[in-house]
Amino acid sequence: DITENSLILIPYNIGNKHWVGFILRKTDSFEVVYIDPENNPIDSALLSDLEQSLGIEKHDFQQKLVVTQKYNNCGSELI
């Protein structure tokens, strides 16, 4: 069960090439934080999928800027 204020951490591989992550926090809806080690904006199709599957709206979504990855190791830097 997902209860109020639960945190869900989701690593996500884009095109079998690049790892990004999501942090979901359950409130009365979902708050979603997107993390990309390259600090690229989220792909519009992926954002649309999130909006539809979780019932989120753009104001429930934010991107967290992080230190840009230094090497070709986005998976480990994401973790």
# chains A, B, ... in the order shown; residues from 1 in each chain; ligands from 1
>>> select_by_dssp(residues="chain A", states="helix (DSSP H, G or I)", output="list in words")
Ser44, Ala45, Leu46, Leu47, Ser48, Asp49, Leu50, Glu51, Gln52, Ser53, Leu54, Lys58, His59, Asp60, Cys74, Gly75, Ser76, Glu77 and Leu78 of chain A
>>> residues_around(residues="segment 22-33 of chain A", least_positions_apart="2", cutoff="6 Å", atoms="only C-alpha atoms", output="number ranges by chain")
A: 4-10, 60-63
>>> write_last_selection(atoms="N, CA, C and O atoms", output="CSV table (one decimal), in the first residue's frame")
chain,number,residue,atom,x,y,z
A,4,GLU,N,-0.1,8.0,2.8
A,4,GLU,CA,0.3,9.4,2.8
A,4,GLU,C,1.7,9.6,3.1
A,4,GLU,O,2.2,9.0,4.1
A,5,ASN,N,2.4,10.5,2.4
A,5,ASN,CA,3.8,10.8,2.6
A,5,ASN,C,4.8,9.7,2.3
A,5,ASN,O,5.9,9.7,2.7
A,6,SER,N,4.3,8.6,1.7
A,6,SER,CA,5.3,7.5,1.2
A,6,SER,C,6.2,8.1,0.2
A,6,SER,O,5.8,8.9,-0.6
A,7,LEU,N,7.4,7.6,0.2
A,7,LEU,CA,8.4,8.0,-0.8
A,7,LEU,C,8.7,6.8,-1.7
A,7,LEU,O,8.9,5.7,-1.1
A,8,ILE,N,8.7,6.9,-3.0
A,8,ILE,CA,9.0,5.9,-3.9
A,8,ILE,C,10.1,6.3,-4.8
A,8,ILE,O,10.0,7.4,-5.4
A,9,LEU,N,11.2,5.5,-4.8
A,9,LEU,CA,12.3,5.9,-5.7
A,9,LEU,C,12.3,5.0,-6.9
A,9,LEU,O,12.3,3.7,-6.7
A,10,ILE,N,12.4,5.5,-8.1
A,10,ILE,CA,12.3,4.7,-9.3
A,10,ILE,C,13.4,5.1,-10.2
A,10,ILE,O,13.5,6.2,-10.8
A,60,ASP,N,2.5,19.4,-10.3
A,60,ASP,CA,2.9,18.3,-9.4
A,60,ASP,C,4.3,17.8,-9.7
A,60,ASP,O,4.9,17.0,-9.0
A,61,PHE,N,4.9,18.3,-10.8
A,61,PHE,CA,6.2,17.8,-11.3
A,61,PHE,C,7.3,18.9,-11.2
A,61,PHE,O,7.0,20.0,-11.5
A,62,GLN,N,8.5,18.4,-10.8
A,62,GLN,CA,9.6,19.3,-10.9
A,62,GLN,C,10.9,18.6,-11.2
A,62,GLN,O,10.9,17.3,-11.0
A,63,GLN,N,11.8,19.3,-11.7
A,63,GLN,CA,13.1,18.6,-12.0
A,63,GLN,C,14.1,19.1,-11.0
A,63,GLN,O,14.2,20.4,-10.8
>>> atom_distance(atom1="atom CA of His18 of chain A", atom2="atom CA of Glu57 of chain A")
24.8 Å
>>> residues_around(residues="segment 35-44 of chain A", least_positions_apart="2", cutoff="12 Å", atoms="only C-alpha atoms", output="ChimeraX atom specification")
/A:9-15,18-24,32-33,46-51,58,61-79
